[in-house]
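Structure file run30.txt (compact mmCIF, C-alpha atoms and all ligand atoms) is printed below.
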# COMPACT_ATOMS: atom_id res chain seq x y z
CA MET A 19 -21.24 19.79 -0.89
CA SER A 20 -18.33 18.36 -2.79
CA HIS A 21 -17.10 14.91 -2.05
CA SER A 22 -13.37 15.22 -2.29
CA CYS A 23 -10.59 13.63 -0.32
CA LYS A 24 -6.84 14.08 -0.11
CA SER A 25 -5.53 10.57 -0.63
CA LEU A 26 -6.03 7.05 -1.77
CA LEU A 27 -4.48 4.40 0.45
CA MET A 28 -3.80 1.00 -1.07
CA HIS A 29 -2.85 -1.66 1.45
CA CYS A 30 -3.03 -5.44 1.80
CA MET A 31 -6.19 -7.12 3.03
CA ASP A 32 -4.22 -8.87 5.83
CA PHE A 33 -6.25 -8.60 9.07
CA ARG A 34 -3.14 -8.49 11.26
CA PHE A 35 -2.53 -4.88 10.22
CA GLY A 36 -6.06 -3.53 10.74
CA LYS A 37 -5.50 -1.66 13.98
CA ALA A 38 -2.01 -0.49 13.04
CA ILE A 39 -3.23 0.90 9.71
CA LYS A 40 -6.00 2.83 11.49
CA GLY A 41 -3.31 4.29 13.76
CA PHE A 42 -1.18 5.14 10.72
CA MET A 43 -4.11 6.91 9.09
CA GLU A 44 -4.84 8.93 12.21
CA GLU A 45 -1.21 9.89 12.58
CA HIS A 46 -1.02 11.07 8.98
CA GLY A 47 -4.32 12.95 8.94
CA MET A 48 -5.89 10.47 6.57
CA MET A 49 -8.86 9.34 8.64
CA ASP A 50 -12.05 10.13 6.70
CA ASP A 51 -9.90 11.90 4.11
CA ALA A 52 -8.75 8.90 2.08
CA ASP A 53 -10.28 6.34 -0.22
CA ILE A 54 -9.14 2.88 0.82
CA VAL A 55 -8.29 -0.07 -1.40
CA ALA A 56 -7.61 -3.26 0.54
CA ILE A 57 -6.34 -5.94 -1.81
CA ALA A 58 -4.12 -8.97 -1.24
CA GLY A 59 -0.54 -8.02 -2.07
CA SER A 60 -1.35 -4.29 -2.27
CA ALA A 61 1.02 -2.52 -4.71
CA ARG A 62 1.94 -5.81 -6.36
CA ASN A 63 -1.39 -5.63 -8.16
CA LEU A 64 -0.21 -2.53 -10.02
CA ILE A 65 2.68 -4.42 -11.61
CA ASN A 66 1.01 -7.79 -12.11
CA PRO A 67 -0.45 -7.88 -15.66
CA GLU A 68 -3.39 -9.98 -14.43
CA THR A 69 -4.56 -7.43 -11.87
CA GLN A 70 -3.10 -4.14 -13.08
CA ALA A 71 -6.28 -2.92 -14.76
CA ILE A 72 -8.35 -3.48 -11.61
CA ALA A 73 -5.82 -1.69 -9.40
CA LEU A 74 -5.47 1.25 -11.81
CA ARG A 75 -9.23 1.52 -12.08
CA GLN A 76 -9.52 2.08 -8.32
CA ILE A 77 -7.07 4.97 -8.54
CA GLU A 78 -8.87 6.40 -11.55
CA ILE A 79 -12.24 6.31 -9.78
CA SER A 80 -10.80 7.94 -6.67
CA LYS A 81 -9.23 10.66 -8.81
CA THR A 82 -12.32 11.32 -10.91
CA LEU A 83 -14.93 11.01 -8.20
CA HIS A 84 -13.09 12.46 -5.21
CA GLU A 85 -10.38 14.59 -6.82
CA MET A 86 -7.77 12.68 -4.88
CA LYS A 87 -4.24 14.13 -5.23
CA GLU A 88 -2.03 11.61 -3.46
CA VAL A 89 -1.61 7.85 -3.69
CA VAL A 90 -0.18 6.07 -0.67
CA LEU A 91 1.03 2.57 -1.48
CA MET A 92 1.64 0.39 1.53
CA ALA A 93 3.21 -3.05 1.39
CA HIS A 94 4.16 -5.25 4.31
CA LEU A 95 6.71 -7.89 5.20
CA ASP A 96 5.52 -11.49 5.61
CA CYS A 97 2.83 -10.88 2.97
CA GLY A 98 0.83 -14.00 2.10
CA ALA A 99 0.45 -12.82 -1.49
CA TYR A 100 4.22 -13.31 -1.81
CA GLY A 101 4.19 -16.62 0.07
CA GLY A 102 5.18 -14.95 3.34
CA SER A 103 8.68 -14.30 4.74
CA LYS A 104 9.45 -18.03 4.59
CA SER A 105 9.45 -17.98 0.79
CA PHE A 106 12.45 -15.62 0.74
CA GLU A 107 16.01 -16.83 1.26
CA THR A 108 16.89 -14.00 3.63
CA ALA A 109 15.21 -11.00 5.25
CA GLU A 110 17.31 -8.79 3.00
CA VAL A 111 16.04 -10.50 -0.15
CA GLU A 112 12.46 -10.05 1.07
CA TYR A 113 13.04 -6.40 1.95
CA ASN A 114 14.58 -5.69 -1.46
CA LYS A 115 11.72 -7.42 -3.26
CA MET A 116 9.02 -5.52 -1.35
CA THR A 117 10.66 -2.11 -1.71
CA GLY A 118 11.47 -2.87 -5.37
CA ASP A 119 7.85 -3.72 -6.10
CA LEU A 120 6.67 -0.54 -4.33
CA LYS A 121 8.99 1.58 -6.47
CA GLU A 122 7.91 -0.19 -9.65
CA ALA A 123 4.26 0.35 -8.73
CA ARG A 124 4.97 4.06 -8.19
CA GLU A 125 6.38 4.24 -11.72
CA VAL A 126 3.20 2.66 -13.10
CA VAL A 127 1.04 5.27 -11.36
CA LYS A 128 3.34 8.17 -12.30
CA ALA A 129 3.43 7.06 -15.94
CA LYS A 130 -0.36 7.34 -16.10
CA TRP A 131 -0.89 10.33 -13.82
CA PRO A 132 2.33 12.40 -13.48
CA GLU A 133 0.42 15.01 -11.46
CA LEU A 134 -0.30 12.58 -8.62
CA SER A 135 1.99 12.45 -5.63
CA VAL A 136 2.91 8.85 -4.76
CA LYS A 137 4.19 7.87 -1.33
CA LEU A 138 5.56 4.47 -0.40
CA TRP A 139 5.41 2.75 2.98
CA LEU A 140 6.56 -0.65 4.15
CA ALA A 141 4.96 -2.16 7.24
CA HIS A 142 7.25 -4.29 9.39
CA ILE A 143 5.83 -7.00 11.61
CA GLU A 144 7.35 -8.98 14.47
CA GLU A 145 5.17 -11.67 15.92
CA SER A 146 5.64 -13.98 18.86
CA ASP A 147 3.18 -16.11 20.85
CA HIS A 148 2.06 -13.24 23.03
CA GLU A 149 3.14 -10.13 21.22
CA LYS A 150 2.79 -8.42 17.89
CA LYS A 151 4.79 -5.37 16.91
CA ILE A 152 4.08 -3.41 13.75
CA TRP A 153 5.85 -0.30 12.54
CA PHE A 154 5.96 1.66 9.32
CA GLU A 155 8.94 2.76 7.27
CA GLU A 156 8.69 5.36 4.52
CA ILE A 157 10.45 4.27 1.33
CA ALA A 158 12.06 7.04 -0.72
ZN ZN B 1 -0.30 -9.13 2.59

Rewritten as structure tokens:
Amino acid sequence: MSHSCKSLLMHCMDFRFGKAIKGFMEEHGMMDDADIVAIAGSARNLINPETQAIALRQIEISKTLHEMKEVVLMAHLDCGAYGGSKSFETAEVEYNKMTGDLKEAREVVKAKWPELSVKLWLAHIEESDHEKKIWFEEIA
């Protein structure tokens, strides 16, 4: 029996997204068909010189060991690895930074493995005292 899977999903370690990410994986047919890398800041690690080698290594292992064909990079708003939403001047500045980092991370992966498909997703979060709403936006 071969041990191959379709995708590698890289997302942030943030516990608030656990259930939503499981739902995302089910919706996209990724459950039990994706290697999972949970790391603070997610895609940011692919463009940060201090962590790039570690992040790339995870993709390399997934590709070699499980013949993975698709990398799904998921970032989220209010990410602690970026200091949270409060560290950005406006929501627009935060949004542009997160989507910019995702796109830059995709270039890093594509430069090394042009044959891999790379998809980008941004998780939005709205939290109040008694409610939490999370939804996912695909970034082109
Ligand atoms: Zn985070």

> Within 10 Å of (7.0, 1.0, -9.2), only C-alpha atoms: residues as a ChimeraX atom specification?
Replying inline: /A:61-62,64-65,91,117-129,136,138

Check every protein, DNA and RNA residue against ligand ZN 1 (chain B), keep those with an atom at most 12 Å away (counting only C-alpha atoms and all ligand atoms), and present them as a PDB file with C-alpha atoms, keeping the file's coordinate frame.
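Final file, part-v6.pdb:
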ATOM      1  CA  MET A  28      -3.800   1.000  -1.070  1.00  0.00           C
ATOM      2  CA  HIS A  29      -2.850  -1.660   1.450  1.00  0.00           C
ATOM      3  CA  CYS A  30      -3.030  -5.440   1.800  1.00  0.00           C
ATOM      4  CA  MET A  31      -6.190  -7.120   3.030  1.00  0.00           C
ATOM      5  CA  ASP A  32      -4.220  -8.870   5.830  1.00  0.00           C
ATOM      6  CA  PHE A  33      -6.250  -8.600   9.070  1.00  0.00           C
ATOM      7  CA  ARG A  34      -3.140  -8.490  11.260  1.00  0.00           C
ATOM      8  CA  PHE A  35      -2.530  -4.880  10.220  1.00  0.00           C
ATOM      9  CA  GLY A  36      -6.060  -3.530  10.740  1.00  0.00           C
ATOM     10  CA  ALA A  56      -7.610  -3.260   0.540  1.00  0.00           C
ATOM     11  CA  ILE A  57      -6.340  -5.940  -1.810  1.00  0.00           C
ATOM     12  CA  ALA A  58      -4.120  -8.970  -1.240  1.00  0.00           C
ATOM     13  CA  GLY A  59      -0.540  -8.020  -2.070  1.00  0.00           C
ATOM     14  CA  SER A  60      -1.350  -4.290  -2.270  1.00  0.00           C
ATOM     15  CA  ALA A  61       1.020  -2.520  -4.710  1.00  0.00           C
ATOM     16  CA  ARG A  62       1.940  -5.810  -6.360  1.00  0.00           C
ATOM     17  CA  ASN A  63      -1.390  -5.630  -8.160  1.00  0.00           C
ATOM     18  CA  MET A  92       1.640   0.390   1.530  1.00  0.00           C
ATOM     19  CA  ALA A  93       3.210  -3.050   1.390  1.00  0.00           C
ATOM     20  CA  HIS A  94       4.160  -5.250   4.310  1.00  0.00           C
ATOM     21  CA  LEU A  95       6.710  -7.890   5.200  1.00  0.00           C
ATOM     22  CA  ASP A  96       5.520 -11.490   5.610  1.00  0.00           C
ATOM     23  CA  CYS A  97       2.830 -10.880   2.970  1.00  0.00           C
ATOM     24  CA  GLY A  98       0.830 -14.000   2.100  1.00  0.00           C
ATOM     25  CA  ALA A  99       0.450 -12.820  -1.490  1.00  0.00           C
ATOM     26  CA  TYR A 100       4.220 -13.310  -1.810  1.00  0.00           C
ATOM     27  CA  GLY A 101       4.190 -16.620   0.070  1.00  0.00           C
ATOM     28  CA  GLY A 102       5.180 -14.950   3.340  1.00  0.00           C
ATOM     29  CA  SER A 103       8.680 -14.300   4.740  1.00  0.00           C
ATOM     30  CA  MET A 116       9.020  -5.520  -1.350  1.00  0.00           C
ATOM     31  CA  LEU A 140       6.560  -0.650   4.150  1.00  0.00           C
ATOM     32  CA  ALA A 141       4.960  -2.160   7.240  1.00  0.00           C
ATOM     33  CA  HIS A 142       7.250  -4.290   9.390  1.00  0.00           C
ATOM     34  CA  ILE A 143       5.830  -7.000  11.610  1.00  0.00           C
TER      35      ILE A 143
END

>> Using all atoms listed in the file, which protein or nucleic acid residues come within 8 Å of Ser80 of chain A? Drop anything in the same chain fewer than 5 positions from it, and give the result as a list in words.
In response: Leu26, Asp53, Glu85 and Met86 of chain A

Quick one: write out the picked residues with C-alpha atoms as a PDB file, in the frame of the given file?
ATOM      1  CA  LEU A  26      -6.030   7.050  -1.770  1.00  0.00           C
ATOM      2  CA  ASP A  53     -10.280   6.340  -0.220  1.00  0.00           C
ATOM      3  CA  GLU A  85     -10.380  14.590  -6.820  1.00  0.00           C
ATOM      4  CA  MET A  86      -7.770  12.680  -4.880  1.00  0.00           C
TER       5      MET A  86
END

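When only C-alpha atoms are used to measure the gap to Leu27 of chain A, the shortest distance among A:Glu107, A:Glu44, A:Glu88, A:Glu78 belongs to A:Glu88.
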
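One distance worth recording is that between atom CA of Lys137 of chain A and atom CA of Phe154 of chain A, which is 12.5 Å.
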